[in-house]
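*Asks:* What follows is a structure written as structure tokens; I'll ask about it next.
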Amino acid sequence: MTTTVIIIIFLAIFATSLHNARGATMEPCLESMKTASLPDLPYAYDALEPAISEEIMRLHHQKHHQTYVTQYNKALNSLRSAMADGDHSSVVKLQSLIKFNGGGHVNHAIFWKNLAPVHEGGGKPPHEPLSSAIDAHFGSLEGLIQKMNAEGAAVQGSGWVWFGLDRELKRLVVETTANQDPLVTKGSHLVPLIGIDVWEHAYYPQYKNARAEYLKNIWTVINWKYASDVFEKHTRDLDIN
Amino acid sequence: MAIRCVASRKTLAGLKETSSRFLGFRGIQTFTLPDLPYDYGALEPAISGEIMQIHHQKHHQAYVTNYNNALEQLDQAVNKGDASTVVKLQSAIKFNGGGHVNHSIFWKNLAPVNEGGGEPPKGSLGSAIDTHFGSLEGLVKKMSAEGAAVQGSGWVWLGLDKELKKLVVDTTANQDPLVTKGGSLVPLVGIDVWEHAYYLQYKNVRPEYLKNVWKVINWKYASEVYEKECN
């Protein structure tokens with residue numbers, strides 16, 4: 001009799017701990033969700049002049065990028081609650097905000113690294129192996145720049161123009177995305193090397209409606225060293241010419 | 001044959017709304033930039049003279065120019081029977097034609113304060129707004145919220161659904177006209193929320209622009225369109 005009671009109590013304790021364990025496996029996963037934060041610019045706000053004005057860099061970083069970070073974190077928090085509640089309708093509804101604001105954060109975090117002051121190498125053409133790869137795919141660096149400028153100018157509305165590496169096809173590509181869609185939305189094997197923001201906020205106080213002029217000038221502060229580093233990292237294991 | 005029919009239909013509508021001219025003998029109608037019904041500085045302080053000048057002389061003019069180019073190319077492609085090019089041109093026509101259509105409405109949606117800008121709608125439109133949105137403030141709040149929430153470039157609209165006989169608030173992306181959201185939708189008030197519409201004055205603070213633009217909204221024009229469609 002006592003043995004039975006003890007076994008029953010033991011089983012009850014075991015069952016309770018199982019139930020707690022099941023509930024616990026979800027919680028730490030959600031609780032450890034990391035939020036985003038605004039990365040510092042690797043240079044002063046006026047360091048990209050005259051290509052991009054200090055006024056633009058300040059607004060772009062402190063207002064636009066910061067807003068994407070804030071709204072992204074807010075959406076992630078709402079997502080966490082919705083998931084915990086099993087509110088799948090809300091989970092799906094939140095995807096638009098997550099894509100837009102998360103994309104804004106991802107894209108601008110890359111963009112700041114794509115730019116550098118002239119005295120820190122901004123505008124200096126890429127070296128090997130990226131330079132050969134560019135010549136092979138676009139004829140010359142000028143050919144690539146011409147293509148990116150044309151496609152960037154032609155973006156209807158807000159968006160980005162990208163220079164990327166297609167890891168699967170082992171080739172360099174020029175692509176555009178709308179709004180804050182990251183390059184990966186155009187193909188999961190695409191790795192962004194250079195992105196240029198063609199939203200009006202990226203150039204308007206300085207260039208007004210003349211987006212083509214902004215695109216012409218931005219190449220004087222493009223950080224090819226960063227693009228080369230990313231390219232080399234991703235092609236080390238690929239056979240790319 | 002089809003082009004001539006389209007041209008004559010468009011001519012009748014075009015003469016009413018926009019100034020236009022015939023190009024050559026084929027009958028393709030091209031378009032010109034409509035004049036603003038007020039000075040560039042007349043909408044201050046809600047919208048700066050600098051914005052109005054660039055918005056009209058640069059942005060709207062570019063839509064007109066590129067629309068005309070696309071129409072000429074379309075004419076050639078149709079005559080050659082080059083269906084591939086005809087289809088390829090649709091994007092440029094939709095974007096630039098839409099930009100022309102939308103901005104032509106927008107200039108009429110605005111008026112200086114001394115010409116009635118900001119004066120609330122009376123008559124049948126005023127009643128309809130109260131019926132559908134509770135009050136004018138309710139409508140303004142809804143449009144401002146939806147306009148602020150547009151991701152990227154676009155427009156926020158107050159429209160009349162002719163079929164369902166009700167007022168609606170809707171948004172469109174880029175330069176899509178309201179009719180792309182429903183064939184029976186008639187635009188009454190459209191507010192441009194592209195960054196070029198406010199950035200020089202309001203920077204990133206689109207909600208502040210939306211709060212202030214109502215001071216120069218021309219409800220008289222919206223009422224005229226509404227009454228015409230309801231009869």
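Ordering of the structure tokens sets the chain letters (A, B, ...); residue numbers start at 1 within each chain; ligands are numbered from 1 in the order shown.
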Neighbouring residues of Asp170 of chain B were defined as those with any atom within 12 Å, considering only C-alpha atoms; residues of the same chain fewer than 2 positions away were excluded. Please report them as a count of residues only.
*Replies:* 35
*Asks:* Do you have, as JSON lines, the list of residues of chain B lying at most 8 Å from chain A, each with its nearest atom pair and that distance in Å to one decimal, counting only C-alpha atoms and ordered by chain then number?
*Replies:*
```
{"residue": "B:Ile54", "atom": "CA", "partner": "A:Asn209", "partner_atom": "CA", "distance": 7.7}
{"residue": "B:Lys58", "atom": "CA", "partner": "A:Asn209", "partner_atom": "CA", "distance": 7.0}
{"residue": "B:His59", "atom": "CA", "partner": "A:Asn209", "partner_atom": "CA", "distance": 7.0}
{"residue": "B:Phe95", "atom": "CA", "partner": "A:Gln156", "partner_atom": "CA", "distance": 7.2}
{"residue": "B:Gln151", "atom": "CA", "partner": "A:Asn179", "partner_atom": "CA", "distance": 7.0}
{"residue": "B:Gly152", "atom": "CA", "partner": "A:Asn179", "partner_atom": "CA", "distance": 5.2}
{"residue": "B:Ser153", "atom": "CA", "partner": "A:Gly157", "partner_atom": "CA", "distance": 5.5}
{"residue": "B:Gly154", "atom": "CA", "partner": "A:Gly157", "partner_atom": "CA", "distance": 7.9}
{"residue": "B:Asn174", "atom": "CA", "partner": "A:Gly157", "partner_atom": "CA", "distance": 5.2}
{"residue": "B:Gln175", "atom": "CA", "partner": "A:Gly157", "partner_atom": "CA", "distance": 7.8}
{"residue": "B:Trp194", "atom": "CA", "partner": "A:Gly157", "partner_atom": "CA", "distance": 8.0}
{"residue": "B:Glu195", "atom": "CA", "partner": "A:Glu200", "partner_atom": "CA", "distance": 6.0}
{"residue": "B:His196", "atom": "CA", "partner": "A:Glu200", "partner_atom": "CA", "distance": 6.6}
{"residue": "B:Tyr199", "atom": "CA", "partner": "A:His201", "partner_atom": "CA", "distance": 7.3}
{"residue": "B:Leu200", "atom": "CA", "partner": "A:Pro205", "partner_atom": "CA", "distance": 6.0}
{"residue": "B:Lys203", "atom": "CA", "partner": "A:Leu59", "partner_atom": "CA", "distance": 7.9}
{"residue": "B:Asn204", "atom": "CA", "partner": "A:His64", "partner_atom": "CA", "distance": 7.0}
```
*Asks:* Write the residues you've just listed into a file as an mmCIF file, in the first residue's frame, and include C-alpha atoms for each of them.
*Replies:*
```cif
data_model
loop_
_atom_site.group_PDB
_atom_site.id
_atom_site.type_symbol
_atom_site.label_atom_id
_atom_site.label_comp_id
_atom_site.auth_asym_id
_atom_site.auth_seq_id
_atom_site.Cartn_x
_atom_site.Cartn_y
_atom_site.Cartn_z
ATOM 1 C CA ILE B 54 10.475 71.736 -57.576
ATOM 2 C CA LYS B 58 10.807 69.140 -61.963
ATOM 3 C CA HIS B 59 8.868 66.101 -60.760
ATOM 4 C CA PHE B 95 4.433 54.983 -63.774
ATOM 5 C CA GLN B 151 5.856 51.903 -46.787
ATOM 6 C CA GLY B 152 8.014 53.655 -49.365
ATOM 7 C CA SER B 153 6.468 56.044 -51.883
ATOM 8 C CA GLY B 154 2.778 56.461 -52.579
ATOM 9 C CA ASN B 174 4.385 54.701 -56.178
ATOM 10 C CA GLN B 175 2.373 56.488 -58.903
ATOM 11 C CA TRP B 194 6.477 60.596 -51.590
ATOM 12 C CA GLU B 195 9.424 62.113 -49.704
ATOM 13 C CA HIS B 196 9.815 64.786 -52.414
ATOM 14 C CA TYR B 199 11.292 66.450 -47.215
ATOM 15 C CA LEU B 200 12.865 69.871 -47.824
ATOM 16 C CA LYS B 203 12.589 66.214 -43.290
ATOM 17 C CA ASN B 204 11.711 62.694 -42.074
#
```
*Asks:* Apply DSSP to the structure's backbone, then extract all residues of segment 14-117 of chain A labelled helix (DSSP H, G or I) and return them as number ranges by chain.
*Replies:* A: 14-31, 54-85, 88-93, 95-114
*Asks:* Choose the residue, out of B:Asn79, B:Ser223, B:Asn218, B:Thr32, that has the smallest atom-to-atom separation from Gly126 of chain B; count only C-alpha atoms.
*Replies:* B:Ser223
*Asks:* Between atom CA of Val191 of chain A and atom CA of Leu165 of chain A, what is the distance in Å, rounded to a tenth?
*Replies:*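 About the pair atom CA of Val191 of chain A and atom CA of Leu165 of chain A: they are 5.1 Å apart.
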*Asks:* Taking 5 positions as the minimum chain separation for residues in the same chain, which residues sit within 8 Å of Ala148 of chain B when counting only C-alpha atoms? Answer as a list in words.
*Replies:*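 The neighbour list is Val193, Arg206, Pro207 and Leu210 of chain B.
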*Asks:* Put those residues in a file: N, CA and C atoms, as an mmCIF file, in the first residue's frame.
*Replies:*
```cif
data_model
loop_
_atom_site.group_PDB
_atom_site.id
_atom_site.type_symbol
_atom_site.label_atom_id
_atom_site.label_comp_id
_atom_site.auth_asym_id
_atom_site.auth_seq_id
_atom_site.Cartn_x
_atom_site.Cartn_y
_atom_site.Cartn_z
ATOM 1 N N VAL B 193 2.491 61.312 -50.579
ATOM 2 C CA VAL B 193 3.380 61.040 -49.446
ATOM 3 C C VAL B 193 4.750 60.538 -49.898
ATOM 4 N N ARG B 206 7.074 62.854 -41.699
ATOM 5 C CA ARG B 206 5.893 62.821 -42.551
ATOM 6 C C ARG B 206 4.596 63.147 -41.796
ATOM 7 N N PRO B 207 4.403 62.667 -40.556
ATOM 8 C CA PRO B 207 3.153 62.979 -39.838
ATOM 9 C C PRO B 207 2.928 64.486 -39.658
ATOM 10 N N LEU B 210 1.546 65.763 -42.868
ATOM 11 C CA LEU B 210 0.154 65.352 -43.009
ATOM 12 C C LEU B 210 -0.748 66.163 -42.094
#
```
*Asks:* Using DSSP assignments from the backbone, pull out every residue in segment 2-230 of chain A that falls under strand (DSSP E or B) and give it to me as JSON, numbers by chain.
*Replies:* {"A": [115, 159, 160, 161, 162, 163, 164, 165, 166, 171, 172, 173, 174, 175, 176, 177, 178, 190, 191, 192, 193, 194, 195, 196, 197, 222]}
*Asks:* Residues at most 12 Å from Ala36 of chain A, counting only C-alpha atoms, excluding those fewer than 4 positions away in the same chain, as an MDAnalysis selection string?
*Replies:* chainID A and resid 65:77 98 101:106 109
*Asks:* Would you save the residues from that selection as a PDB file, in the first residue's frame, using N, CA and C atoms?
*Replies:*
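What ended up in part-v2.pdb:
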```pdb
ATOM      1  N   HIS A  65      17.425  55.520 -40.030  1.00  0.00           N
ATOM      2  CA  HIS A  65      17.884  54.197 -39.585  1.00  0.00           C
ATOM      3  C   HIS A  65      17.408  53.930 -38.162  1.00  0.00           C
ATOM      4  N   GLN A  66      17.485  54.937 -37.297  1.00  0.00           N
ATOM      5  CA  GLN A  66      17.031  54.763 -35.912  1.00  0.00           C
ATOM      6  C   GLN A  66      15.559  54.360 -35.861  1.00  0.00           C
ATOM      7  N   THR A  67      14.739  54.961 -36.710  1.00  0.00           N
ATOM      8  CA  THR A  67      13.313  54.621 -36.747  1.00  0.00           C
ATOM      9  C   THR A  67      13.106  53.177 -37.161  1.00  0.00           C
ATOM     10  N   TYR A  68      13.869  52.719 -38.161  1.00  0.00           N
ATOM     11  CA  TYR A  68      13.747  51.317 -38.571  1.00  0.00           C
ATOM     12  C   TYR A  68      14.087  50.397 -37.394  1.00  0.00           C
ATOM     13  N   VAL A  69      15.155  50.727 -36.669  1.00  0.00           N
ATOM     14  CA  VAL A  69      15.574  49.911 -35.517  1.00  0.00           C
ATOM     15  C   VAL A  69      14.471  49.884 -34.451  1.00  0.00           C
ATOM     16  N   THR A  70      13.964  51.066 -34.121  1.00  0.00           N
ATOM     17  CA  THR A  70      12.917  51.171 -33.096  1.00  0.00           C
ATOM     18  C   THR A  70      11.667  50.388 -33.485  1.00  0.00           C
ATOM     19  N   GLN A  71      11.223  50.578 -34.718  1.00  0.00           N
ATOM     20  CA  GLN A  71       9.989  49.921 -35.170  1.00  0.00           C
ATOM     21  C   GLN A  71      10.194  48.413 -35.337  1.00  0.00           C
ATOM     22  N   TYR A  72      11.396  48.022 -35.717  1.00  0.00           N
ATOM     23  CA  TYR A  72      11.716  46.595 -35.857  1.00  0.00           C
ATOM     24  C   TYR A  72      11.643  45.915 -34.492  1.00  0.00           C
ATOM     25  N   ASN A  73      12.266  46.528 -33.483  1.00  0.00           N
ATOM     26  CA  ASN A  73      12.226  45.971 -32.130  1.00  0.00           C
ATOM     27  C   ASN A  73      10.799  45.889 -31.605  1.00  0.00           C
ATOM     28  N   LYS A  74      10.024  46.939 -31.903  1.00  0.00           N
ATOM     29  CA  LYS A  74       8.629  46.947 -31.468  1.00  0.00           C
ATOM     30  C   LYS A  74       7.862  45.788 -32.108  1.00  0.00           C
ATOM     31  N   ALA A  75       8.097  45.575 -33.396  1.00  0.00           N
ATOM     32  CA  ALA A  75       7.407  44.498 -34.109  1.00  0.00           C
ATOM     33  C   ALA A  75       7.852  43.135 -33.575  1.00  0.00           C
ATOM     34  N   LEU A  76       9.145  43.004 -33.255  1.00  0.00           N
ATOM     35  CA  LEU A  76       9.650  41.741 -32.712  1.00  0.00           C
ATOM     36  C   LEU A  76       8.994  41.428 -31.374  1.00  0.00           C
ATOM     37  N   ASN A  77       8.828  42.466 -30.543  1.00  0.00           N
ATOM     38  CA  ASN A  77       8.160  42.280 -29.252  1.00  0.00           C
ATOM     39  C   ASN A  77       6.718  41.836 -29.432  1.00  0.00           C
ATOM     40  N   ILE A  98       7.770  43.643 -39.999  1.00  0.00           N
ATOM     41  CA  ILE A  98       9.079  43.053 -39.747  1.00  0.00           C
ATOM     42  C   ILE A  98       9.941  43.136 -41.001  1.00  0.00           C
ATOM     43  N   ASN A 101      10.759  47.143 -41.629  1.00  0.00           N
ATOM     44  CA  ASN A 101      11.668  47.760 -40.672  1.00  0.00           C
ATOM     45  C   ASN A 101      12.941  46.946 -40.466  1.00  0.00           C
ATOM     46  N   GLY A 102      12.790  45.615 -40.448  1.00  0.00           N
ATOM     47  CA  GLY A 102      13.981  44.763 -40.367  1.00  0.00           C
ATOM     48  C   GLY A 102      14.846  44.920 -41.599  1.00  0.00           C
ATOM     49  N   GLY A 103      14.183  44.995 -42.754  1.00  0.00           N
ATOM     50  CA  GLY A 103      14.908  45.221 -44.003  1.00  0.00           C
ATOM     51  C   GLY A 103      15.621  46.561 -43.978  1.00  0.00           C
ATOM     52  N   GLY A 104      14.926  47.590 -43.474  1.00  0.00           N
ATOM     53  CA  GLY A 104      15.533  48.914 -43.369  1.00  0.00           C
ATOM     54  C   GLY A 104      16.787  48.878 -42.514  1.00  0.00           C
ATOM     55  N   HIS A 105      16.731  48.116 -41.418  1.00  0.00           N
ATOM     56  CA  HIS A 105      17.890  48.006 -40.533  1.00  0.00           C
ATOM     57  C   HIS A 105      19.027  47.253 -41.228  1.00  0.00           C
ATOM     58  N   VAL A 106      18.701  46.113 -41.819  1.00  0.00           N
ATOM     59  CA  VAL A 106      19.714  45.310 -42.511  1.00  0.00           C
ATOM     60  C   VAL A 106      20.383  46.118 -43.615  1.00  0.00           C
ATOM     61  N   ALA A 109      22.564  49.092 -42.334  1.00  0.00           N
ATOM     62  CA  ALA A 109      23.769  48.609 -41.648  1.00  0.00           C
ATOM     63  C   ALA A 109      24.853  48.272 -42.672  1.00  0.00           C
TER      64      ALA A 109
END
```
*Asks:* In Å, rounded to a single decimal, give me how far atom CA of Ser131 of chain A is from atom CA of Asn149 of chain A.
*Replies:*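 Separating atom CA of Asn149 of chain A from atom CA of Ser131 of chain A is a distance of 18.4 Å.
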*Asks:* Quick one: residues within 9 Å of His103 of chain B, only C-alpha atoms, excluding same-chain residues fewer than 2 positions away - as a PyMOL selection string?
*Replies:* chain B and resi 56+60+98-101+105-108+190+192
*Asks:* Pull N, CA, C and O atoms from the residues just selected and write them as a short mmCIF file (atom, residue, chain, number, x, y, z; two decimals), in the first residue's frame.
*Replies:*
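Saved result, out.cif, follows:
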```
data_model
loop_
_atom_site.label_atom_id
_atom_site.label_comp_id
_atom_site.auth_asym_id
_atom_site.auth_seq_id
_atom_site.Cartn_x
_atom_site.Cartn_y
_atom_site.Cartn_z
N HIS B 56 6.41 70.86 -58.95
CA HIS B 56 5.71 71.14 -60.20
C HIS B 56 6.64 71.15 -61.40
O HIS B 56 6.44 70.41 -62.37
N HIS B 60 6.69 66.79 -61.65
CA HIS B 60 5.54 66.60 -62.53
C HIS B 60 5.96 66.75 -63.99
O HIS B 60 5.55 65.97 -64.85
N GLY B 98 0.68 57.65 -64.63
CA GLY B 98 0.09 57.74 -63.30
C GLY B 98 0.58 58.98 -62.56
O GLY B 98 -0.19 59.68 -61.91
N GLY B 99 1.88 59.25 -62.69
CA GLY B 99 2.46 60.44 -62.07
C GLY B 99 1.79 61.70 -62.59
O GLY B 99 1.50 62.63 -61.83
N HIS B 100 1.52 61.74 -63.89
CA HIS B 100 0.86 62.91 -64.49
C HIS B 100 -0.59 63.02 -63.99
O HIS B 100 -1.04 64.09 -63.56
N VAL B 101 -1.31 61.91 -64.03
CA VAL B 101 -2.71 61.90 -63.58
C VAL B 101 -2.81 62.34 -62.12
O VAL B 101 -3.59 63.23 -61.76
N ILE B 105 -4.40 66.02 -60.39
CA ILE B 105 -5.46 66.07 -59.39
C ILE B 105 -4.96 66.82 -58.15
O ILE B 105 -5.66 67.66 -57.58
N PHE B 106 -3.74 66.52 -57.75
CA PHE B 106 -3.17 67.07 -56.51
C PHE B 106 -3.17 68.59 -56.50
O PHE B 106 -3.54 69.21 -55.49
N TRP B 107 -2.75 69.22 -57.63
CA TRP B 107 -2.71 70.70 -57.66
C TRP B 107 -4.10 71.28 -57.45
O TRP B 107 -4.26 72.34 -56.86
N LYS B 108 -5.14 70.56 -57.91
CA LYS B 108 -6.52 71.04 -57.73
C LYS B 108 -7.03 70.73 -56.32
O LYS B 108 -7.98 71.35 -55.85
N GLY B 190 -6.45 63.54 -52.98
CA GLY B 190 -5.25 62.71 -52.94
C GLY B 190 -4.13 63.49 -52.29
O GLY B 190 -3.97 64.69 -52.55
N ASP B 192 -0.03 63.39 -51.71
CA ASP B 192 1.25 62.80 -52.11
C ASP B 192 2.09 62.55 -50.85
O ASP B 192 2.35 63.49 -50.09
#
```
*Asks:* Quick one: everything within 12 Å of Phe138 of chain A, counting only C-alpha atoms, minus sequence neighbours fewer than 2 positions away in the same chain. Send it as a list in words.
*Replies:*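 Selected residues are Leu130, Ser131, Ser132, Ala133, Ile134, Asp135, Ala136, Ser140, Leu141, Glu142, Gly143, Leu144, Ile145, Gln146, Lys147, Met148, Phe163, Arg171, Leu172, Val173 and Val174 of chain A.
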*Asks:* For a quick check of understanding, using only C-alpha atoms, which of A:Ser78, A:Ser37, A:Thr176, A:Asn107 has the smallest distance to Leu94 of chain A?
*Replies:*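 Counting only C-alpha atoms, the residue closest to Leu94 of chain A is A:Ser78.
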*Asks:* When you look at Val198 of chain A with a cut-off of 8 Å (counting only C-alpha atoms), what residues show up, excluding the ones that are within fewer than 6 positions of it in the same chain? I need them as a PyMOL selection string.
*Replies:* chain A and resi 152-153+155+158-161+211
